[in-house]
Amino acid sequence: MAKGILIAAMNFSDVAEDEFHDWYDTEHVPERLVVLGFLNAERWIGISNPKDSVALYDLDTVGVLHSQPYLAVGGANGSPWTKRVAGRVKHIMRMEGEQILPGDALAPAGAAALLLIAMNVAPEHENEFNEWYNAEHLPALGAVPGVLAARRYRGSGATQRYAAIYHFANKDVPSSAAWKSAANTPWTERMRPHFRDFLRLDCRRYAGR
């Protein structure tokens with residue numbers, strides 16, 4: 001069965017930085033990691049805007065997010081601290097996703113940077129979009145030197161239905177000639193006009209305080 005993911009991206013400009021990180025590190029992430037089916041947790045910070053935060057949780061299956069242990073700490077059952085912080089952040093996206101490709105990969109160890117891409121596609125081009133992503137785009141980007149993992153997801157809960165996540169050995173990988181060549185093929189150029197609700201977040205690993 002395909003692995004799942006929970007993606008939570010937000011901007012915390014209206015929350016004190018110390019409180020935001022303390023909440024995530026001492027309550028929010030630990031609460032989730034004790035839920036059966038949560039396999040790991042990663043935190044990332046925007047490179048161009050350090051007030052952007054991305055949290056990624058690999059899951060046994062996306063169904064974990066509908067289990068009683070998770071529901072006991074999620075949504076309306078969040079703690080007072082969670083409700084206070086969540087009420088002051090700007091939510092960029094929250095996706096409950098199922099891994100399309102490769103299907104069962106987890107976040108790699110040792111990544112220094114991350115790229116999150118999310119989008120919709122014009123409905124009449126969705127079949128070709130998935131063929132392009134699966135047959136050419138993700139494999140080509142995943143083969144670029146310095147790419148530690150390339151995964152894509154179909155999900156719910158966010159404006160965007162599709163997401164791709166790339167882990168890098170260093171932050172310079174997506175500006176390399178090899179990446180640009182893999183990312184700008186004729187098929188890619190043909191597909192781009194059909195993208196909708198495009199979101200890109202370039203991130204560095206959150207290193208704690």
# chains A, B, ... in the order shown; residues from 1 in each chain; ligands from 1
>>> residues_around(residues="A:Phe168", least_positions_apart="3", cutoff="7 Å", atoms="only C-alpha atoms", output="list in words")
Ala111, Ala112, Ala113, Leu114, Gly146, Val147, Leu148, Lys171 and Val173 of chain A
>>> residues_around(residues="stretch 205-208 of chain A", least_positions_apart="4", cutoff="12 Å", atoms="only C-alpha atoms", output="ChimeraX atom specification")
/A:17-18,20-22,24-26,41-47,50-56,109-115,167-171
>>> write_last_selection(atoms="N, CA and C atoms", output="short mmCIF file (atom, residue, chain, number, x, y, z; two decimals), in the first residue's frame")
data_model
loop_
_atom_site.label_atom_id
_atom_site.label_comp_id
_atom_site.auth_asym_id
_atom_site.auth_seq_id
_atom_site.Cartn_x
_atom_site.Cartn_y
_atom_site.Cartn_z
N GLU A 17 8.59 34.34 17.15
CA GLU A 17 9.38 33.21 16.62
C GLU A 17 9.71 32.19 17.70
N ASP A 18 10.10 32.64 18.88
CA ASP A 18 10.42 31.70 19.96
C ASP A 18 9.21 30.83 20.30
N PHE A 20 6.59 30.09 18.39
CA PHE A 20 6.25 29.20 17.29
C PHE A 20 7.13 27.95 17.31
N HIS A 21 8.43 28.15 17.43
CA HIS A 21 9.33 26.99 17.42
C HIS A 21 9.19 26.15 18.68
N ASP A 22 8.99 26.80 19.82
CA ASP A 22 8.78 26.02 21.05
C ASP A 22 7.52 25.16 20.94
N TYR A 24 6.08 24.01 18.19
CA TYR A 24 6.30 22.90 17.26
C TYR A 24 7.18 21.83 17.89
N ASP A 25 8.29 22.25 18.51
CA ASP A 25 9.30 21.30 18.97
C ASP A 25 8.91 20.56 20.24
N THR A 26 8.20 21.24 21.14
CA THR A 26 7.94 20.62 22.44
C THR A 26 6.55 20.05 22.58
N ALA A 41 9.06 12.97 11.27
CA ALA A 41 8.63 14.37 11.16
C ALA A 41 9.84 15.19 10.75
N GLU A 42 9.65 16.08 9.79
CA GLU A 42 10.70 17.00 9.36
C GLU A 42 10.17 18.42 9.39
N ARG A 43 11.03 19.36 9.77
CA ARG A 43 10.67 20.77 9.75
C ARG A 43 11.62 21.53 8.83
N TRP A 44 11.04 22.42 8.04
CA TRP A 44 11.78 23.20 7.05
C TRP A 44 11.37 24.66 7.13
N ILE A 45 12.31 25.54 6.78
CA ILE A 45 12.09 26.98 6.83
C ILE A 45 12.35 27.56 5.44
N GLY A 46 11.51 28.50 5.02
CA GLY A 46 11.66 29.10 3.71
C GLY A 46 13.00 29.80 3.55
N ILE A 47 13.60 29.65 2.38
CA ILE A 47 14.89 30.31 2.13
C ILE A 47 14.67 31.79 1.84
N PRO A 50 12.06 33.51 5.73
CA PRO A 50 12.27 32.64 6.88
C PRO A 50 11.09 32.58 7.84
N LYS A 51 10.00 33.27 7.52
CA LYS A 51 8.77 33.14 8.30
C LYS A 51 7.83 32.09 7.70
N ASP A 52 8.24 31.48 6.60
CA ASP A 52 7.50 30.35 6.04
C ASP A 52 8.00 29.06 6.67
N SER A 53 7.08 28.23 7.08
CA SER A 53 7.40 26.96 7.74
C SER A 53 6.72 25.82 6.99
N VAL A 54 7.46 24.74 6.79
CA VAL A 54 6.90 23.52 6.19
C VAL A 54 7.20 22.35 7.13
N ALA A 55 6.17 21.62 7.50
CA ALA A 55 6.34 20.39 8.27
C ALA A 55 5.86 19.22 7.42
N LEU A 56 6.65 18.16 7.40
CA LEU A 56 6.32 16.96 6.64
C LEU A 56 6.31 15.76 7.58
N ALA A 109 17.74 10.64 4.92
CA ALA A 109 18.56 11.28 5.95
C ALA A 109 19.56 12.22 5.28
N GLY A 110 19.91 13.26 5.99
CA GLY A 110 21.02 14.09 5.55
C GLY A 110 20.72 15.19 4.57
N ALA A 111 19.46 15.42 4.24
CA ALA A 111 19.12 16.49 3.29
C ALA A 111 19.30 17.85 3.96
N ALA A 112 19.86 18.79 3.20
CA ALA A 112 20.06 20.15 3.71
C ALA A 112 19.02 21.12 3.19
N ALA A 113 18.37 20.77 2.08
CA ALA A 113 17.41 21.67 1.45
C ALA A 113 16.26 20.87 0.86
N LEU A 114 15.17 21.56 0.60
CA LEU A 114 13.95 20.91 0.13
C LEU A 114 13.22 21.83 -0.83
N LEU A 115 12.60 21.24 -1.82
CA LEU A 115 11.71 21.97 -2.73
C LEU A 115 10.34 21.30 -2.68
N HIS A 167 14.22 16.35 -1.98
CA HIS A 167 15.22 16.56 -0.95
C HIS A 167 16.59 16.70 -1.62
N PHE A 168 17.35 17.70 -1.19
CA PHE A 168 18.64 18.00 -1.81
C PHE A 168 19.78 17.87 -0.81
N ALA A 169 20.96 17.51 -1.33
CA ALA A 169 22.16 17.47 -0.51
C ALA A 169 22.59 18.87 -0.11
N ASN A 170 22.30 19.86 -0.98
CA ASN A 170 22.63 21.25 -0.67
C ASN A 170 21.64 22.16 -1.40
N LYS A 171 21.58 23.41 -0.99
CA LYS A 171 20.58 24.34 -1.51
C LYS A 171 20.83 24.77 -2.94
#
>>> closest_residue(among="A:Ser13, A:Ala8, A:Met191, A:Asn49", to="A:Asn127", atoms="only C-alpha atoms")
A:Met191
>>> closest_atom_pairs(of="stretch 109-157 of chain A", to="stretch 59-78 of chain A", cutoff="12 Å", atoms="only C-alpha atoms", output="CSV")
residue,atom,partner,partner_atom,distance
A:Tyr153,CA,A:Val62,CA,10.9
A:Arg154,CA,A:Val62,CA,10.7
A:Gly155,CA,A:Val62,CA,9.0
A:Ser156,CA,A:Val62,CA,10.2
A:Gly157,CA,A:Leu65,CA,11.7
>>> write_last_selection(atoms="C-alpha atoms", output="tab-separated table (two decimals), in the first residue's frame")
chain	number	residue	atom	x	y	z
A	153	TYR	CA	1.61	12.84	-4.20
A	154	ARG	CA	-2.09	13.14	-4.92
A	155	GLY	CA	-4.07	14.45	-2.00
A	156	SER	CA	-6.93	16.34	-0.45
A	157	GLY	CA	-7.44	19.22	1.94
>>> select_by_dssp(residues="stretch 7-189 of chain A", states="helix (DSSP H, G or I)", output="ChimeraX atom specification")
/A:17-33,62-66,68-71,75-77,80-86,123-142,173-175,177-183,186-189
>>> atom_distance(atom1="atom CA of A:Gly87", atom2="atom CA of A:Ile117")
25.1 Å
>>> select_by_dssp(residues="stretch 33-129 of chain A", states="strand (DSSP E or B)", output="MDAnalysis selection string")
chainID A and resid 38 42:46 52:59 90:101 113:121
>>> residues_around(residues="A:Ala163", least_positions_apart="6", cutoff="10 Å", atoms="only C-alpha atoms", output="PyMOL selection string")
chain A and resi 7+95+97-100+116-120+151-155+198-200
>>> atom_distance(atom1="atom CA of A:Trp179", atom2="atom CA of A:His194")
21.5 Å
>>> closest_residue(among="A:Ala149, A:Gln160, A:Glu19, A:Pro80", to="A:Asp197", atoms="only C-alpha atoms")
A:Gln160
>>> residues_around(residues="A:Pro123", least_positions_apart="2", cutoff="12 Å", atoms="only C-alpha atoms", output="JSON, numbers by chain")
{"A": [120, 121, 125, 126, 127, 128, 129, 130, 161, 194, 195, 196]}
>>> atom_distance(atom1="atom CA of A:Thr82", atom2="atom CA of A:Asp58")
20.8 Å
>>> closest_residue(among="A:Ala158, A:Val85, A:Ala178, A:Ala107", to="A:Leu141", atoms="only C-alpha atoms")
A:Ala178
>>> closest_residue(among="A:Asp14, A:Glu96, A:Asp104, A:Glu136", to="A:Arg84", atoms="only C-alpha atoms")
A:Asp14
